[in-house]
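Asks: My structure is in my_file.cif, and what it holds is mmCIF, C-alpha atoms and all ligand atoms:
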```cif
data_input
loop_
_atom_site.label_atom_id
_atom_site.label_comp_id
_atom_site.auth_asym_id
_atom_site.auth_seq_id
_atom_site.Cartn_x
_atom_site.Cartn_y
_atom_site.Cartn_z
CA MET A 11 108.93 154.60 111.50
CA LYS A 12 111.26 151.70 110.81
CA PRO A 13 110.57 149.99 107.44
CA PHE A 14 108.74 146.67 107.66
CA ALA A 15 107.42 143.90 105.41
CA TYR A 16 103.66 143.29 105.14
CA VAL A 17 101.98 139.92 104.68
CA ASN A 18 98.26 139.36 104.09
CA ALA A 19 97.14 136.13 105.78
CA ALA A 20 94.05 134.57 104.19
CA ASP A 21 93.45 132.09 106.99
CA GLU A 22 94.78 130.79 110.31
CA ARG A 23 97.30 128.48 108.71
CA GLU A 24 98.80 131.25 106.62
CA ALA A 25 98.88 133.58 109.62
CA ILE A 26 100.79 131.13 111.80
CA ALA A 27 103.21 130.35 108.99
CA ALA A 28 103.83 134.05 108.33
CA LEU A 29 104.27 134.87 112.01
CA GLY A 30 106.95 132.20 112.18
CA PRO A 31 109.06 131.38 115.20
CA ARG A 32 110.45 134.90 115.75
CA ARG A 33 107.52 136.80 117.27
CA GLY A 34 108.64 140.12 118.57
CA ARG A 35 110.15 140.82 115.18
CA PHE A 36 107.02 139.51 113.36
CA LEU A 37 103.70 140.77 114.76
CA PRO A 38 99.99 140.28 114.05
CA PHE A 39 98.42 143.42 112.64
CA ALA A 40 94.67 143.94 113.03
CA GLY A 41 93.08 147.41 113.03
CA GLY A 42 96.47 148.97 113.70
CA THR A 43 95.02 151.59 116.08
CA ASP A 44 97.49 150.58 118.79
CA LEU A 45 100.34 148.98 116.89
CA LEU A 46 100.92 151.80 114.39
CA ALA A 47 101.19 154.33 117.23
CA LEU A 48 103.77 152.13 118.98
CA MET A 49 105.72 151.85 115.74
CA LYS A 50 105.66 155.60 115.14
CA ASN A 51 107.12 156.05 118.63
CA TYR A 52 109.74 153.34 118.05
CA VAL A 53 108.40 151.38 121.03
CA ALA A 54 107.62 148.52 118.63
CA THR A 55 109.98 147.98 115.71
CA PRO A 56 108.73 144.83 113.95
CA GLU A 57 110.35 143.57 110.78
CA ARG A 58 107.12 142.04 109.47
CA LEU A 59 103.43 142.74 110.04
CA VAL A 60 100.98 139.94 109.37
CA ASN A 61 97.50 141.21 108.56
CA VAL A 62 95.02 139.07 110.53
CA LYS A 63 91.87 141.04 109.65
CA ASN A 64 90.85 138.39 107.11
CA LEU A 65 90.55 135.75 109.82
CA ASP A 66 87.20 134.98 111.44
CA GLY A 67 85.25 138.21 111.82
CA THR A 68 81.88 136.71 112.74
CA VAL A 69 79.79 136.34 115.88
CA VAL A 70 78.13 132.93 115.92
CA ARG A 71 75.67 131.37 118.38
CA ALA A 72 77.23 128.07 119.51
CA ALA A 73 75.27 124.83 119.84
CA ASP A 74 75.42 125.08 123.65
CA GLY A 75 73.81 128.56 123.54
CA GLY A 76 77.05 130.48 124.06
CA LEU A 77 78.71 132.84 121.56
CA LYS A 78 81.85 132.44 119.48
CA ILE A 79 83.33 135.81 118.61
CA GLY A 80 86.08 135.97 115.98
CA ALA A 81 89.19 137.97 116.93
CA ALA A 82 88.75 139.98 113.71
CA VAL A 83 85.27 141.21 114.72
CA ARG A 84 85.32 145.00 114.87
CA ILE A 85 84.38 146.52 118.20
CA ASP A 86 81.53 148.45 116.63
CA ASP A 87 80.01 145.21 115.33
CA LEU A 88 80.20 143.76 118.83
CA THR A 89 78.44 146.81 120.23
CA ASN A 90 75.57 146.40 117.78
CA HIS A 91 75.20 142.64 117.82
CA PRO A 92 71.71 141.75 119.12
CA ASP A 93 72.84 138.59 120.99
CA VAL A 94 75.74 140.42 122.65
CA LYS A 95 73.47 143.27 123.72
CA ARG A 96 70.69 141.01 124.98
CA LEU A 97 72.62 138.15 126.59
CA TYR A 98 75.97 139.70 127.58
CA PRO A 99 75.21 143.38 128.25
CA ALA A 100 78.42 143.80 130.31
CA LEU A 101 80.42 143.13 127.14
CA ALA A 102 78.25 145.30 124.88
CA GLN A 103 78.43 148.21 127.34
CA ALA A 104 82.24 147.95 127.61
CA ALA A 105 82.55 147.83 123.80
CA GLU A 106 80.34 150.93 123.48
CA GLY A 107 82.73 152.94 125.62
CA VAL A 108 85.92 152.14 123.70
CA GLY A 109 87.71 155.18 122.25
CA THR A 110 85.74 156.96 119.57
CA PRO A 111 83.38 155.87 116.75
CA GLN A 112 86.38 155.85 114.39
CA ILE A 113 88.39 153.63 116.74
CA ARG A 114 85.45 151.24 117.24
CA ASN A 115 85.00 151.03 113.45
CA THR A 116 88.61 149.98 112.92
CA ALA A 117 89.76 148.21 116.09
CA THR A 118 89.18 144.49 116.52
CA VAL A 119 88.39 142.25 119.47
CA GLY A 120 91.77 140.47 119.20
CA GLY A 121 93.65 143.76 118.97
CA ASN A 122 91.76 145.20 121.91
CA LEU A 123 92.51 142.25 124.19
CA ASN A 124 96.17 142.20 123.15
CA GLN A 125 96.85 145.93 123.04
CA ARG A 126 99.93 147.19 124.85
CA PRO A 127 99.91 149.40 127.97
CA ARG A 128 99.00 153.07 127.69
CA CYS A 129 101.40 154.08 130.47
CA TRP A 130 103.05 157.30 129.31
CA TYR A 131 106.48 156.09 130.42
CA PHE A 132 106.10 152.87 128.43
CA ARG A 133 104.90 154.72 125.31
CA ASN A 134 107.73 157.26 125.43
CA GLU A 135 110.91 156.04 123.77
CA GLU A 136 112.98 158.24 126.14
CA PHE A 137 112.05 156.10 129.17
CA ASN A 138 113.60 152.66 129.35
CA CYS A 139 111.08 151.32 131.84
CA LEU A 140 110.76 147.82 133.30
CA LYS A 141 108.56 146.65 130.44
CA LYS A 142 111.26 147.57 127.95
CA GLY A 143 114.10 145.88 129.83
CA GLY A 144 114.96 148.82 132.12
CA SER A 145 115.52 148.56 135.85
CA ARG A 146 112.69 150.68 137.25
CA CYS A 147 109.08 151.73 137.00
CA PHE A 148 109.10 155.50 136.51
CA ALA A 149 105.49 155.81 137.68
CA GLU A 150 106.43 154.90 141.26
CA ASP A 151 108.01 158.29 141.94
CA GLY A 152 106.65 160.06 138.89
CA GLU A 153 103.39 161.13 137.33
CA ASN A 154 101.15 158.32 138.55
CA GLN A 155 97.67 159.84 138.62
CA PHE A 156 96.28 157.26 136.17
CA HIS A 157 98.31 154.28 137.38
CA ALA A 158 97.58 151.21 139.47
CA ILE A 159 96.04 151.20 142.93
CA PHE A 160 96.27 147.41 143.21
CA GLY A 161 99.00 144.93 142.44
CA ASN A 162 102.09 146.24 144.25
CA GLY A 163 104.24 146.42 141.15
CA PRO A 164 106.91 146.03 140.11
CA CYS A 165 105.23 147.59 137.04
CA ARG A 166 102.46 150.10 137.91
CA MET A 167 100.65 150.25 134.58
CA VAL A 168 96.91 149.67 134.37
CA HIS A 169 95.63 147.16 131.88
CA PRO A 170 94.22 149.09 128.91
CA SER A 171 91.62 146.68 127.49
CA SER A 172 87.99 147.56 128.19
CA LEU A 173 86.84 144.20 126.80
CA ALA A 174 89.10 142.18 129.09
CA VAL A 175 87.13 143.22 132.19
CA PRO A 176 83.69 141.82 131.19
CA ALA A 177 85.41 138.86 129.51
CA ILE A 178 86.59 137.72 132.94
CA ALA A 179 83.30 138.56 134.67
CA LEU A 180 81.39 136.55 132.05
CA ARG A 181 83.81 133.57 132.26
CA ALA A 182 84.94 133.85 128.65
CA THR A 183 87.72 131.72 127.25
CA PHE A 184 90.13 132.63 124.46
CA ARG A 185 91.00 130.22 121.67
CA VAL A 186 94.59 130.58 120.55
CA ILE A 187 96.50 128.77 117.83
CA GLY A 188 100.19 128.18 117.28
CA PRO A 189 102.58 125.85 115.49
CA ALA A 190 101.75 123.13 118.03
CA GLY A 191 97.96 123.35 117.51
CA GLU A 192 95.21 125.12 119.41
CA ARG A 193 94.32 125.65 123.05
CA GLU A 194 91.68 127.46 125.10
CA ILE A 195 92.65 129.73 127.95
CA ALA A 196 90.23 131.10 130.57
CA ALA A 197 90.12 134.90 130.36
CA GLY A 198 90.91 135.03 134.07
CA GLU A 199 94.21 133.27 133.44
CA TYR A 200 95.16 135.03 130.22
CA PHE A 201 96.35 138.37 131.65
CA VAL A 202 99.39 138.23 133.91
CA MET A 203 101.43 140.56 136.09
CA SER A 204 104.89 141.70 135.02
CA ASP A 205 106.64 139.27 137.36
CA ARG A 206 105.25 136.47 135.16
CA ASN A 207 105.79 138.22 131.84
CA PRO A 208 108.07 141.27 132.13
CA PHE A 209 107.79 142.23 128.44
CA GLY A 210 104.15 141.40 127.77
CA GLU A 211 100.80 141.31 129.53
CA THR A 212 99.46 137.84 128.71
CA VAL A 213 100.33 134.14 128.63
CA LEU A 214 100.17 134.12 124.81
CA GLN A 215 103.37 132.53 123.55
CA PRO A 216 105.43 134.48 121.03
CA THR A 217 104.40 132.12 118.23
CA GLU A 218 100.67 132.03 119.07
CA LEU A 219 97.71 134.02 117.80
CA MET A 220 94.34 134.66 119.43
CA THR A 221 91.50 133.59 117.12
CA HIS A 222 88.29 133.75 119.21
CA MET A 223 86.60 134.85 122.38
CA ILE A 224 84.15 132.18 123.51
CA LEU A 225 81.33 133.04 125.88
CA PRO A 226 79.58 130.28 127.82
CA PRO A 227 75.78 130.03 127.69
CA PRO A 228 74.52 133.06 129.60
CA GLY A 229 72.29 131.13 132.03
CA ALA A 230 70.40 133.12 134.62
CA VAL A 231 72.96 135.91 134.70
CA LYS A 232 72.43 139.64 135.02
CA SER A 233 75.51 141.55 133.96
CA ALA A 234 76.65 145.13 133.52
CA THR A 235 79.71 147.31 133.06
CA TYR A 236 80.04 150.76 134.57
CA GLU A 237 82.90 153.03 133.55
CA VAL A 238 84.04 156.35 135.00
CA ARG A 239 85.90 158.62 132.59
CA PHE A 240 87.20 162.17 132.62
CA GLN A 241 85.82 162.56 129.12
CA GLN A 242 83.13 160.52 127.40
CA SER A 243 85.18 160.05 124.24
CA HIS A 244 88.81 159.93 123.15
CA GLY A 245 90.26 158.52 126.34
CA TRP A 246 90.53 155.57 128.68
CA PRO A 247 88.45 155.09 131.82
CA ILE A 248 89.78 156.08 135.25
CA ALA A 249 88.12 153.01 136.74
CA THR A 250 85.55 150.51 135.57
CA ALA A 251 83.70 147.52 136.93
CA SER A 252 82.00 144.58 135.26
CA VAL A 253 79.73 142.35 137.31
CA ALA A 254 77.95 139.12 136.48
CA LEU A 255 75.28 138.07 138.95
CA HIS A 256 74.09 134.45 138.76
CA MET A 257 70.53 134.71 139.97
CA ASN A 258 68.29 132.28 141.76
CA GLY A 259 64.97 134.10 141.54
CA THR A 260 65.59 137.42 143.23
CA VAL A 261 68.62 136.18 145.18
CA ILE A 262 72.21 136.33 143.94
CA ARG A 263 73.48 132.76 143.92
CA SER A 264 77.03 133.76 143.04
CA ALA A 265 78.75 136.81 141.60
CA ARG A 266 81.80 137.83 139.65
CA VAL A 267 83.14 141.32 140.20
CA VAL A 268 86.06 142.58 138.13
CA MET A 269 87.55 146.07 138.16
CA GLY A 270 89.38 147.67 135.24
CA SER A 271 91.97 150.47 134.98
CA VAL A 272 93.09 149.85 138.56
CA ALA A 273 95.88 147.25 138.17
CA PRO A 274 98.24 145.76 135.58
CA ILE A 275 95.61 143.09 134.96
CA PRO A 276 91.80 143.24 135.17
CA TRP A 277 91.39 142.95 138.94
CA ARG A 278 88.94 140.46 140.41
CA ALA A 279 87.38 141.34 143.74
CA PRO A 280 86.64 138.03 145.52
CA ALA A 281 85.72 139.84 148.75
CA ALA A 282 82.97 141.71 146.90
CA GLU A 283 81.81 138.46 145.29
CA ARG A 284 81.48 136.87 148.75
CA VAL A 285 79.47 139.81 150.02
CA LEU A 286 76.98 139.50 147.17
CA ALA A 287 76.52 135.72 147.24
CA GLY A 288 73.28 134.72 148.92
CA GLN A 289 71.90 138.27 149.13
CA ALA A 290 68.87 139.77 147.47
CA ILE A 291 69.93 142.67 145.27
CA SER A 292 69.69 145.96 147.12
CA GLU A 293 71.51 149.27 147.25
CA GLN A 294 72.87 148.26 150.65
CA ALA A 295 74.33 145.02 149.23
CA ALA A 296 75.85 146.95 146.31
CA MET A 297 77.45 149.43 148.71
CA GLU A 298 78.87 146.67 150.91
CA ALA A 299 80.27 144.91 147.84
CA ALA A 300 81.84 148.16 146.63
CA ASP A 301 83.48 148.74 150.03
CA ALA A 302 84.83 145.18 150.01
CA ALA A 303 86.12 145.54 146.44
CA VAL A 304 88.52 148.37 147.30
CA GLN A 305 89.78 146.89 150.55
CA GLY A 306 93.52 146.45 150.18
CA ALA A 307 93.98 149.18 147.57
CA LYS A 308 97.42 150.78 147.79
CA PRO A 309 97.34 154.06 145.91
CA MET A 310 100.53 155.99 145.13
CA SER A 311 101.29 159.68 145.58
CA GLN A 312 98.81 161.06 143.00
CA ASN A 313 96.11 158.45 142.49
CA GLY A 314 94.35 158.12 145.86
CA TYR A 315 91.21 159.53 144.22
CA LYS A 316 90.91 156.34 142.15
CA VAL A 317 89.91 154.30 145.21
CA GLN A 318 86.63 156.19 145.54
CA VAL A 319 86.11 156.10 141.76
CA ALA A 320 86.57 152.33 141.68
CA ARG A 321 84.20 151.93 144.63
CA THR A 322 81.56 153.95 142.80
CA ALA A 323 82.07 151.92 139.60
CA VAL A 324 81.44 148.65 141.47
CA LYS A 325 78.36 149.93 143.24
CA ARG A 326 76.84 151.30 140.04
CA ALA A 327 77.70 148.19 138.03
CA VAL A 328 75.86 146.04 140.58
CA MET A 329 72.84 148.35 140.54
CA GLN A 330 72.86 148.51 136.75
CA ALA A 331 72.97 144.71 136.49
CA ALA A 332 70.14 144.51 139.03
CA SER A 333 67.95 146.71 136.88
CA MET A 334 68.53 144.55 133.82
CA LYS A 335 65.44 142.90 132.41
CA ALA A 336 65.60 139.12 132.96
CA ASP A 337 65.89 138.07 129.32
CA TRP A 338 67.57 134.71 129.61
CA ALA A 339 64.58 132.43 129.22
C1 LIG A 401 91.96 157.91 121.48
C2 LIG A 401 91.89 156.46 121.84
C3 LIG A 401 91.04 156.05 122.86
C4 LIG A 401 90.98 154.70 123.22
N1 LIG A 401 90.14 154.32 124.24
C5 LIG A 401 90.09 153.01 124.59
C6 LIG A 401 89.23 152.55 125.63
O1 LIG A 401 88.48 153.31 126.25
N2 LIG A 401 89.22 151.22 125.92
C7 LIG A 401 90.01 150.34 125.25
O2 LIG A 401 89.94 149.15 125.53
N3 LIG A 401 90.82 150.74 124.28
C8 LIG A 401 90.88 152.04 123.93
N4 LIG A 401 91.70 152.44 122.93
C9 LIG A 401 92.60 151.45 122.32
C10 LIG A 401 91.95 150.73 121.19
O3 LIG A 401 90.80 150.09 121.64
C11 LIG A 401 92.97 149.73 120.70
O4 LIG A 401 93.99 150.45 120.04
C12 LIG A 401 92.34 148.74 119.77
O5 LIG A 401 91.33 148.00 120.41
C13 LIG A 401 93.38 147.77 119.25
O6 LIG A 401 92.78 146.95 118.27
P1 LIG A 401 93.38 146.88 116.80
O7 LIG A 401 92.56 145.89 116.07
O8 LIG A 401 93.53 148.22 116.19
O9 LIG A 401 94.81 146.25 117.17
P2 LIG A 401 96.25 146.49 116.56
O10 LIG A 401 96.70 147.88 116.82
O11 LIG A 401 96.32 146.00 115.17
O12 LIG A 401 97.07 145.48 117.49
C14 LIG A 401 97.23 145.73 118.89
C15 LIG A 401 98.16 144.66 119.48
O13 LIG A 401 97.51 143.41 119.50
C16 LIG A 401 98.25 142.44 118.74
N5 LIG A 401 97.24 141.64 118.07
C17 LIG A 401 96.32 142.06 117.17
N6 LIG A 401 95.50 141.03 116.85
C18 LIG A 401 95.93 139.95 117.55
C19 LIG A 401 95.51 138.58 117.64
N7 LIG A 401 94.46 138.14 116.93
N8 LIG A 401 96.18 137.75 118.47
C20 LIG A 401 97.23 138.20 119.19
N9 LIG A 401 97.69 139.47 119.15
C21 LIG A 401 97.03 140.34 118.34
C22 LIG A 401 99.13 143.25 117.80
O14 LIG A 401 100.31 142.56 117.44
C23 LIG A 401 99.43 144.47 118.66
O15 LIG A 401 100.48 144.22 119.57
C24 LIG A 401 91.77 153.76 122.53
C25 LIG A 401 92.60 154.18 121.49
C26 LIG A 401 92.68 155.51 121.16
C27 LIG A 401 93.62 155.91 120.04
#
```
Can you turn what I pasted into structure tokens?
Ligand SMILES: Cc1cc2nc3c(=O)[nH]c(=O)nc-3n(C[C@H](O)[C@H](O)[C@H](O)COP(=O)(O)OP(=O)(O)OC[C@H]3O[C@@H](n4cnc5c(N)ncnc54)[C@H](O)[C@@H]3O)c2cc1C

Replies:
Amino acid sequence: MKPFAYVNAADEREAIAALGPRRGRFLPFAGGTDLLALMKNYVATPERLVNVKNLDGTVVRAADGGLKIGAAVRIDDLTNHPDVKRLYPALAQAAEGVGTPQIRNTATVGGNLNQRPRCWYFRNEEFNCLKKGGSRCFAEDGENQFHAIFGNGPCRMVHPSSLAVPAIALRATFRVIGPAGEREIAAGEYFVMSDRNPFGETVLQPTELMTHMILPPPGAVKSATYEVRFQQSHGWPIATASVALHMNGTVIRSARVVMGSVAPIPWRAPAAERVLAGQAISEQAAMEAADAAVQGAKPMSQNGYKVQVARTAVKRAVMQAASMKADWA
């Protein structure tokens, strides 16, 4: 590992000052479960790490009834938080599935949302792929069984963050700070394809830091996340779905359906959302939504199986949300 300097930031102001104008060389360091591995593989070679674990690590009920979740909250604390479990089950369920108990005890919300791709070509220093300034995506003609079935490239990675998927379904926003002040970005606009950011996965500027995830008041929403994995622990999902159903009595007024592990960004399925709107919840409606969600998938040579897996994840997420006890009163 390349030697680096280490700075402990006590608060947001110190963190921004220590990160300075040269991000890329100076990086935020949270649980380190992703960043240290990248550094050991020489994929990231920062000159300075700025510890941001001392920033806000609390989950607070906002005056409007929503939740403000500090970026330094550990994933395990999110999993066990009573308000998250009761009001935003899609988020709690996604958090529960992350990695292993050890990972969830160390990893933070901010680190999870900003973690780098798990594509084996990206993580291997021998492959100078598109995301590292190279000229091609090796997954296109290579080992692509876990890669994207949506998005048409040029990079074929799948977005690695389990929390990003429910964040979009639940209409979360992210508060970020930088030398110019603070701003809030809708989760649905935070993650971008490689044509918009070839060397990163988000709209976060090099000098900015994420400080919070903000969830709107839950309202009459039933939500759930369903993940399909090869193994229940120690790995990433093959495909996931988070759904948020805005209910009007027993009828779905509107829906958000987002799939994970299928594209370089969490992938919204507007066709599935249209199918669900105005329907009473039923297995038939869930099946139709699932069929609509995977319309337009373009698998590569080894990942055709993921289409059916994603379809199943959507159907089961809808049914799981439907069975949720209405606890929003
Ligand atoms: C075996 C294994 C299984 C895993 N399974 C899953 C899984 O199923 N689902 C899943 O989502 N993840 C999974 N992970 C990944 C894990 O969740 C991430 O490594 C972890 O969430 C990263 O959080 P961290 O706090 O350790 O971040 P760090 O490693 O400290 O940082 C990660 C990245 O985020 C940046 N960063 C950190 N904090 C901020 C901030 N506040 N603002 C802006 N940038 C920031 C860092 O600079 C770095 O680039 C798995 C990891 C392992 C090792």

Asks: Taking all atoms listed in the file and a cut-off of 7 Å, can you tell me which residues surround ligand LIG 401 (chain A), written as a ChimeraX atom specification?

Replies: /A:37-46,62,81-82,107-110,113,116-126,170-173,219-221,244-247

Asks: For a quick check of understanding, using all atoms listed in the file, which of A:Ala299, A:Ala279, A:Met49, A:Ala327 has the smallest distance to Glu135 of chain A?

Replies: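 Nearest to Glu135 of chain A: A:Met49.
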
Asks: Please tabulate, as a tab-separated table, the residues of segment 186-243 of chain A that come within 12 Å of segment 85-100 of chain A, each with its closest pair of atoms and the distance in Å to one decimal, counting all atoms listed in the file and ordering rows by chain, then residue number upward.

Replies:
```
residue	atom	partner	partner_atom	distance
A:Met223	CA	A:Leu88	CA	11.5
A:Ile224	CA	A:Val94	CA	11.8
A:Leu225	CA	A:Tyr98	CA	8.7
A:Pro226	CA	A:Tyr98	CA	10.1
A:Pro227	CA	A:Leu97	CA	8.8
A:Pro228	CA	A:Leu97	CA	6.2
A:Gly229	CA	A:Leu97	CA	8.9
A:Ala230	CA	A:Leu97	CA	9.7
A:Val231	CA	A:Leu97	CA	8.4
A:Lys232	CA	A:Pro99	CA	8.2
A:Ser233	CA	A:Ala100	CA	5.2
A:Ala234	CA	A:Ala100	CA	3.9
A:Thr235	CA	A:Ala100	CA	4.6
A:Tyr236	CA	A:Ala100	CA	8.3
A:Glu237	CA	A:Ala100	CA	10.8
```

Asks: Measuring atom to atom with all atoms listed in the file, identify which of A:Ala182, A:Arg321, A:Ala54, A:Met310 is nearest to Gly152 of chain A.

Replies: A:Met310

Asks: Could you tell me how far atom CA of Ala307 of chain A lies from atom CA of Lys325 of chain A, in Å and to one decimal?

Replies: 16.2 Å

Asks: Please provide as a short mmCIF file (atom, residue, chain, number, x, y, z; two decimals) with C-alpha atoms, in the coordinates of the input all residues within 8 Å of Pro208 of chain A, with the sequence filter that same-chain residues fewer than 5 positions apart are discarded (counting only C-alpha atoms).

Replies:
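That gives us selection_9.cif:
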```cif
data_model
loop_
_atom_site.label_atom_id
_atom_site.label_comp_id
_atom_site.auth_asym_id
_atom_site.auth_seq_id
_atom_site.Cartn_x
_atom_site.Cartn_y
_atom_site.Cartn_z
CA LEU A 140 110.76 147.82 133.30
CA LYS A 141 108.56 146.65 130.44
CA GLY A 143 114.10 145.88 129.83
CA MET A 203 101.43 140.56 136.09
#
```

Asks: Would you compute the distance between atom CA of Lys308 of chain A and atom CA of Ile159 of chain A? Give it in Å to one decimal.

Replies: 5.1 Å

Asks: Pick from A:Ala281, A:Ala47, A:Val319, A:Ala27: nearest to Met11 of chain A, with all atoms listed in the file counted?

Replies: A:Ala47

Asks: Model the absent atoms of segment 139-157 of chain A so that N, CA, C and O atoms are present, and write the result as a PDB file, in the frame of the given file.

Replies:
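Okay, out.pdb is ready:
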```
ATOM      1  N   CYS A 139     111.726 151.814 130.624  1.00  0.00           N
ATOM      2  CA  CYS A 139     111.080 151.320 131.840  1.00  0.00           C
ATOM      3  C   CYS A 139     111.213 149.810 131.939  1.00  0.00           C
ATOM      4  O   CYS A 139     111.733 149.152 131.039  1.00  0.00           O
ATOM      5  N   LEU A 140     110.689 149.272 133.054  1.00  0.00           N
ATOM      6  CA  LEU A 140     110.760 147.820 133.300  1.00  0.00           C
ATOM      7  C   LEU A 140     110.266 146.993 132.129  1.00  0.00           C
ATOM      8  O   LEU A 140     110.847 145.977 131.782  1.00  0.00           O
ATOM      9  N   LYS A 141     109.163 147.447 131.518  1.00  0.00           N
ATOM     10  CA  LYS A 141     108.560 146.650 130.440  1.00  0.00           C
ATOM     11  C   LYS A 141     109.399 146.650 129.170  1.00  0.00           C
ATOM     12  O   LYS A 141     109.134 145.901 128.246  1.00  0.00           O
ATOM     13  N   LYS A 142     110.385 147.534 129.130  1.00  0.00           N
ATOM     14  CA  LYS A 142     111.260 147.570 127.950  1.00  0.00           C
ATOM     15  C   LYS A 142     112.673 147.106 128.297  1.00  0.00           C
ATOM     16  O   LYS A 142     113.609 147.383 127.572  1.00  0.00           O
ATOM     17  N   GLY A 143     112.790 146.435 129.457  1.00  0.00           N
ATOM     18  CA  GLY A 143     114.100 145.880 129.830  1.00  0.00           C
ATOM     19  C   GLY A 143     114.881 146.774 130.784  1.00  0.00           C
ATOM     20  O   GLY A 143     116.010 146.445 131.166  1.00  0.00           O
ATOM     21  N   GLY A 144     114.287 147.927 131.180  1.00  0.00           N
ATOM     22  CA  GLY A 144     114.960 148.820 132.120  1.00  0.00           C
ATOM     23  C   GLY A 144     114.888 148.278 133.549  1.00  0.00           C
ATOM     24  O   GLY A 144     114.344 147.199 133.799  1.00  0.00           O
ATOM     25  N   SER A 145     115.414 149.080 134.486  1.00  0.00           N
ATOM     26  CA  SER A 145     115.520 148.560 135.850  1.00  0.00           C
ATOM     27  C   SER A 145     114.472 149.150 136.787  1.00  0.00           C
ATOM     28  O   SER A 145     114.409 148.783 137.951  1.00  0.00           O
ATOM     29  N   ARG A 146     113.642 150.098 136.308  1.00  0.00           N
ATOM     30  CA  ARG A 146     112.690 150.680 137.250  1.00  0.00           C
ATOM     31  C   ARG A 146     111.385 151.077 136.580  1.00  0.00           C
ATOM     32  O   ARG A 146     111.310 151.239 135.353  1.00  0.00           O
ATOM     33  N   CYS A 147     110.365 151.209 137.449  1.00  0.00           N
ATOM     34  CA  CYS A 147     109.080 151.730 137.000  1.00  0.00           C
ATOM     35  C   CYS A 147     109.071 153.213 137.321  1.00  0.00           C
ATOM     36  O   CYS A 147     109.113 153.597 138.497  1.00  0.00           O
ATOM     37  N   PHE A 148     109.007 154.052 136.306  1.00  0.00           N
ATOM     38  CA  PHE A 148     109.100 155.500 136.510  1.00  0.00           C
ATOM     39  C   PHE A 148     107.840 156.059 137.176  1.00  0.00           C
ATOM     40  O   PHE A 148     107.868 157.142 137.741  1.00  0.00           O
ATOM     41  N   ALA A 149     106.739 155.316 137.094  1.00  0.00           N
ATOM     42  CA  ALA A 149     105.490 155.810 137.680  1.00  0.00           C
ATOM     43  C   ALA A 149     105.565 155.831 139.211  1.00  0.00           C
ATOM     44  O   ALA A 149     104.872 156.621 139.853  1.00  0.00           O
ATOM     45  N   GLU A 150     106.396 154.983 139.794  1.00  0.00           N
ATOM     46  CA  GLU A 150     106.430 154.900 141.260  1.00  0.00           C
ATOM     47  C   GLU A 150     106.710 156.250 141.893  1.00  0.00           C
ATOM     48  O   GLU A 150     106.061 156.623 142.863  1.00  0.00           O
ATOM     49  N   ASP A 151     107.698 156.976 141.370  1.00  0.00           N
ATOM     50  CA  ASP A 151     108.010 158.290 141.940  1.00  0.00           C
ATOM     51  C   ASP A 151     107.653 159.399 140.974  1.00  0.00           C
ATOM     52  O   ASP A 151     108.086 160.539 141.154  1.00  0.00           O
ATOM     53  N   GLY A 152     106.903 159.069 139.930  1.00  0.00           N
ATOM     54  CA  GLY A 152     106.650 160.060 138.890  1.00  0.00           C
ATOM     55  C   GLY A 152     105.208 160.474 138.811  1.00  0.00           C
ATOM     56  O   GLY A 152     104.496 160.557 139.827  1.00  0.00           O
ATOM     57  N   GLU A 153     104.771 160.721 137.586  1.00  0.00           N
ATOM     58  CA  GLU A 153     103.390 161.130 137.330  1.00  0.00           C
ATOM     59  C   GLU A 153     102.518 159.882 137.322  1.00  0.00           C
ATOM     60  O   GLU A 153     102.480 159.154 136.337  1.00  0.00           O
ATOM     61  N   ASN A 154     101.853 159.615 138.437  1.00  0.00           N
ATOM     62  CA  ASN A 154     101.150 158.320 138.550  1.00  0.00           C
ATOM     63  C   ASN A 154      99.652 158.477 138.756  1.00  0.00           C
ATOM     64  O   ASN A 154      98.995 157.561 139.261  1.00  0.00           O
ATOM     65  N   GLN A 155      99.090 159.613 138.321  1.00  0.00           N
ATOM     66  CA  GLN A 155      97.670 159.840 138.620  1.00  0.00           C
ATOM     67  C   GLN A 155      96.724 158.849 137.948  1.00  0.00           C
ATOM     68  O   GLN A 155      95.605 158.669 138.397  1.00  0.00           O
ATOM     69  N   PHE A 156      97.168 158.219 136.851  1.00  0.00           N
ATOM     70  CA  PHE A 156      96.280 157.260 136.170  1.00  0.00           C
ATOM     71  C   PHE A 156      96.769 155.821 136.354  1.00  0.00           C
ATOM     72  O   PHE A 156      96.331 154.915 135.656  1.00  0.00           O
ATOM     73  N   HIS A 157      97.690 155.608 137.253  1.00  0.00           N
ATOM     74  CA  HIS A 157      98.310 154.280 137.380  1.00  0.00           C
ATOM     75  C   HIS A 157      97.594 153.403 138.404  1.00  0.00           C
ATOM     76  O   HIS A 157      96.528 153.735 138.897  1.00  0.00           O
TER      77      HIS A 157
END
```
